[in-house]
Amino acid sequence: MAATILESVGAMKDFVGREIAVTDWLTVTQERINLFAEATEDRQWIHLDRERAEKESPFKTTIAHGFLTLSLVAHFMQQAIQVQGGLRLAVNFGLNRVRFTAPVRSGARIRARIVVLSFKEIGGDAAEVNYTVTIDAEGSEKPCCVAESIVRYYR
């Protein structure tokens, strides 16, 4: 997937209410899940113990942490949207709503679909853009994560 390339932050206005990008697939490996567990001190068996998960989990394998999936939003945004001119800095400003609607099984491939919800000028040198980021797992009927992400762009 080629990134959506914008000449300026202001060009984002043209995408309000529309999908701006769909990312490439990313494999969520057990190694990535293990590293996230260590970084966050969240070592629940459903993420780390494949043998137990096969027996006791409704998913029959280990699954990624919801917050691991959510943390990949930044990666997907950088992959999907590039502003070529007049941008000094882009900052993750926060989230309005997040739902983990389906598990991400170890080894699954995920990707993001990104829609621009709104665009707002902030003073003379910044803009705030709200996105809906829907993360899909390959072969799953439901998305695994839907989040409203807010990014502030400084010119």
# chains A, B, ... in the order shown; residues from 1 in each chain; ligands from 1
$ select_by_dssp --residues "region 1-132 of chain A" --states "helix (DSSP H, G or I)" --output "VMD selection string"
chain A and resid 9 to 15 30 to 40 45 to 48 50 to 56 66 to 80
$ write_last_selection --atoms "C-alpha atoms" --output "mmCIF file, in the first residue's frame"
data_model
loop_
_atom_site.group_PDB
_atom_site.id
_atom_site.type_symbol
_atom_site.label_atom_id
_atom_site.label_comp_id
_atom_site.auth_asym_id
_atom_site.auth_seq_id
_atom_site.Cartn_x
_atom_site.Cartn_y
_atom_site.Cartn_z
ATOM 1 C CA VAL A 9 -1.851 19.550 6.771
ATOM 2 C CA GLY A 10 -4.666 21.722 5.418
ATOM 3 C CA ALA A 11 -5.202 19.209 2.612
ATOM 4 C CA MET A 12 -6.612 16.888 5.279
ATOM 5 C CA LYS A 13 -9.846 18.933 5.127
ATOM 6 C CA ASP A 14 -10.620 17.330 1.760
ATOM 7 C CA PHE A 15 -10.854 13.917 3.449
ATOM 8 C CA GLN A 30 4.127 -14.304 19.637
ATOM 9 C CA GLU A 31 7.507 -12.629 20.112
ATOM 10 C CA ARG A 32 5.879 -9.182 19.809
ATOM 11 C CA ILE A 33 3.202 -10.234 22.305
ATOM 12 C CA ASN A 34 5.873 -11.503 24.732
ATOM 13 C CA LEU A 35 7.868 -8.271 24.457
ATOM 14 C CA PHE A 36 4.743 -6.197 25.086
ATOM 15 C CA ALA A 37 3.944 -8.323 28.147
ATOM 16 C CA GLU A 38 7.410 -7.638 29.534
ATOM 17 C CA ALA A 39 7.272 -3.907 28.763
ATOM 18 C CA THR A 40 3.876 -3.492 30.440
ATOM 19 C CA TRP A 45 -1.539 -16.503 30.675
ATOM 20 C CA ILE A 46 -3.992 -15.821 27.848
ATOM 21 C CA HIS A 47 -1.200 -13.831 26.161
ATOM 22 C CA LEU A 48 1.823 -15.995 26.995
ATOM 23 C CA ARG A 50 0.067 -21.253 24.384
ATOM 24 C CA GLU A 51 -0.456 -24.719 25.895
ATOM 25 C CA ARG A 52 -2.884 -23.464 28.525
ATOM 26 C CA ALA A 53 -4.622 -21.201 26.006
ATOM 27 C CA GLU A 54 -5.196 -24.161 23.690
ATOM 28 C CA LYS A 55 -6.971 -25.981 26.534
ATOM 29 C CA GLU A 56 -8.732 -23.225 28.479
ATOM 30 C CA GLY A 66 -5.799 -5.095 23.472
ATOM 31 C CA PHE A 67 -3.392 -2.291 24.321
ATOM 32 C CA LEU A 68 -0.752 -3.836 22.048
ATOM 33 C CA THR A 69 -3.227 -3.650 19.183
ATOM 34 C CA LEU A 70 -4.102 -0.076 20.145
ATOM 35 C CA SER A 71 -0.442 0.933 20.383
ATOM 36 C CA LEU A 72 0.020 -0.074 16.740
ATOM 37 C CA VAL A 73 -2.288 2.783 15.689
ATOM 38 C CA ALA A 74 0.754 5.104 15.691
ATOM 39 C CA HIS A 75 2.634 2.748 13.370
ATOM 40 C CA PHE A 76 -0.313 2.465 11.021
ATOM 41 C CA MET A 77 -0.858 6.233 10.949
ATOM 42 C CA GLN A 78 2.800 6.873 10.063
ATOM 43 C CA GLN A 79 2.644 4.206 7.376
ATOM 44 C CA ALA A 80 -0.587 5.506 5.868
#
$ residues_around --residues "Arg97 (chain A)" --least-positions-apart "6" --cutoff "10 Å" --atoms "only C-alpha atoms" --output "ChimeraX atom specification"
/A:132,146-149
$ decode --residues "region 37-126 of chain A" --atoms "C-alpha atoms" --output "compact mmCIF listing (two decimals), in the first residue's frame"
# COMPACT_ATOMS: atom_id res chain seq x y z
CA ALA A 37 3.94 -8.32 28.15
CA GLU A 38 7.41 -7.64 29.53
CA ALA A 39 7.27 -3.91 28.76
CA THR A 40 3.88 -3.49 30.44
CA GLU A 41 4.18 -6.10 33.23
CA ASP A 42 0.96 -7.68 31.89
CA ARG A 43 1.86 -11.37 31.86
CA GLN A 44 -1.61 -12.91 31.91
CA TRP A 45 -1.54 -16.50 30.68
CA ILE A 46 -3.99 -15.82 27.85
CA HIS A 47 -1.20 -13.83 26.16
CA LEU A 48 1.82 -16.00 27.00
CA ASP A 49 0.96 -19.64 27.72
CA ARG A 50 0.07 -21.25 24.38
CA GLU A 51 -0.46 -24.72 25.90
CA ARG A 52 -2.88 -23.46 28.53
CA ALA A 53 -4.62 -21.20 26.01
CA GLU A 54 -5.20 -24.16 23.69
CA LYS A 55 -6.97 -25.98 26.53
CA GLU A 56 -8.73 -23.22 28.48
CA SER A 57 -9.16 -20.18 26.28
CA PRO A 58 -12.22 -19.73 24.07
CA PHE A 59 -9.77 -18.53 21.39
CA LYS A 60 -7.74 -21.81 21.46
CA THR A 61 -4.42 -19.94 21.24
CA THR A 62 -2.69 -16.97 22.78
CA ILE A 63 -3.97 -13.53 21.89
CA ALA A 64 -2.42 -10.07 21.74
CA HIS A 65 -3.12 -7.58 24.48
CA GLY A 66 -5.80 -5.10 23.47
CA PHE A 67 -3.39 -2.29 24.32
CA LEU A 68 -0.75 -3.84 22.05
CA THR A 69 -3.23 -3.65 19.18
CA LEU A 70 -4.10 -0.08 20.15
CA SER A 71 -0.44 0.93 20.38
CA LEU A 72 0.02 -0.07 16.74
CA VAL A 73 -2.29 2.78 15.69
CA ALA A 74 0.75 5.10 15.69
CA HIS A 75 2.63 2.75 13.37
CA PHE A 76 -0.31 2.46 11.02
CA MET A 77 -0.86 6.23 10.95
CA GLN A 78 2.80 6.87 10.06
CA GLN A 79 2.64 4.21 7.38
CA ALA A 80 -0.59 5.51 5.87
CA ILE A 81 -0.38 9.31 5.83
CA GLN A 82 2.55 11.54 4.90
CA VAL A 83 2.46 15.33 4.91
CA GLN A 84 5.15 16.72 2.61
CA GLY A 85 5.15 20.42 3.33
CA GLY A 86 5.02 22.77 6.26
CA LEU A 87 4.84 20.19 9.04
CA ARG A 88 7.14 20.54 12.04
CA LEU A 89 5.61 17.96 14.33
CA ALA A 90 2.70 15.54 14.69
CA VAL A 91 1.63 14.63 18.22
CA ASN A 92 -0.72 11.91 19.44
CA PHE A 93 -3.18 14.07 21.40
CA GLY A 94 -5.34 11.25 22.72
CA LEU A 95 -8.33 9.02 22.19
CA ASN A 96 -12.05 9.63 22.50
CA ARG A 97 -13.34 6.08 22.24
CA VAL A 98 -11.75 2.65 22.00
CA ARG A 99 -13.37 -0.75 21.65
CA PHE A 100 -11.70 -4.16 21.38
CA THR A 101 -14.38 -6.03 19.44
CA ALA A 102 -12.54 -9.25 18.53
CA PRO A 103 -9.30 -10.95 19.60
CA VAL A 104 -6.02 -10.75 17.70
CA ARG A 105 -4.69 -14.29 17.74
CA SER A 106 -0.95 -14.86 17.83
CA GLY A 107 0.29 -15.00 14.24
CA ALA A 108 -2.65 -13.03 12.85
CA ARG A 109 -2.17 -10.37 10.23
CA ILE A 110 -3.79 -7.02 10.97
CA ARG A 111 -4.21 -3.76 9.09
CA ALA A 112 -5.89 -0.41 9.64
CA ARG A 113 -8.53 1.51 7.75
CA ILE A 114 -8.36 5.21 8.54
CA VAL A 115 -11.20 7.72 8.14
CA VAL A 116 -10.88 11.46 8.80
CA LEU A 117 -13.71 12.45 11.18
CA SER A 118 -12.96 16.14 11.60
CA PHE A 119 -10.42 18.87 10.98
CA LYS A 120 -10.05 21.94 13.20
CA GLU A 121 -7.58 24.82 13.06
CA ILE A 122 -5.94 25.54 16.43
CA GLY A 123 -4.47 29.02 16.44
CA GLY A 124 -2.36 29.99 13.47
CA ASP A 125 0.22 27.23 13.58
CA ALA A 126 -1.63 24.02 14.44
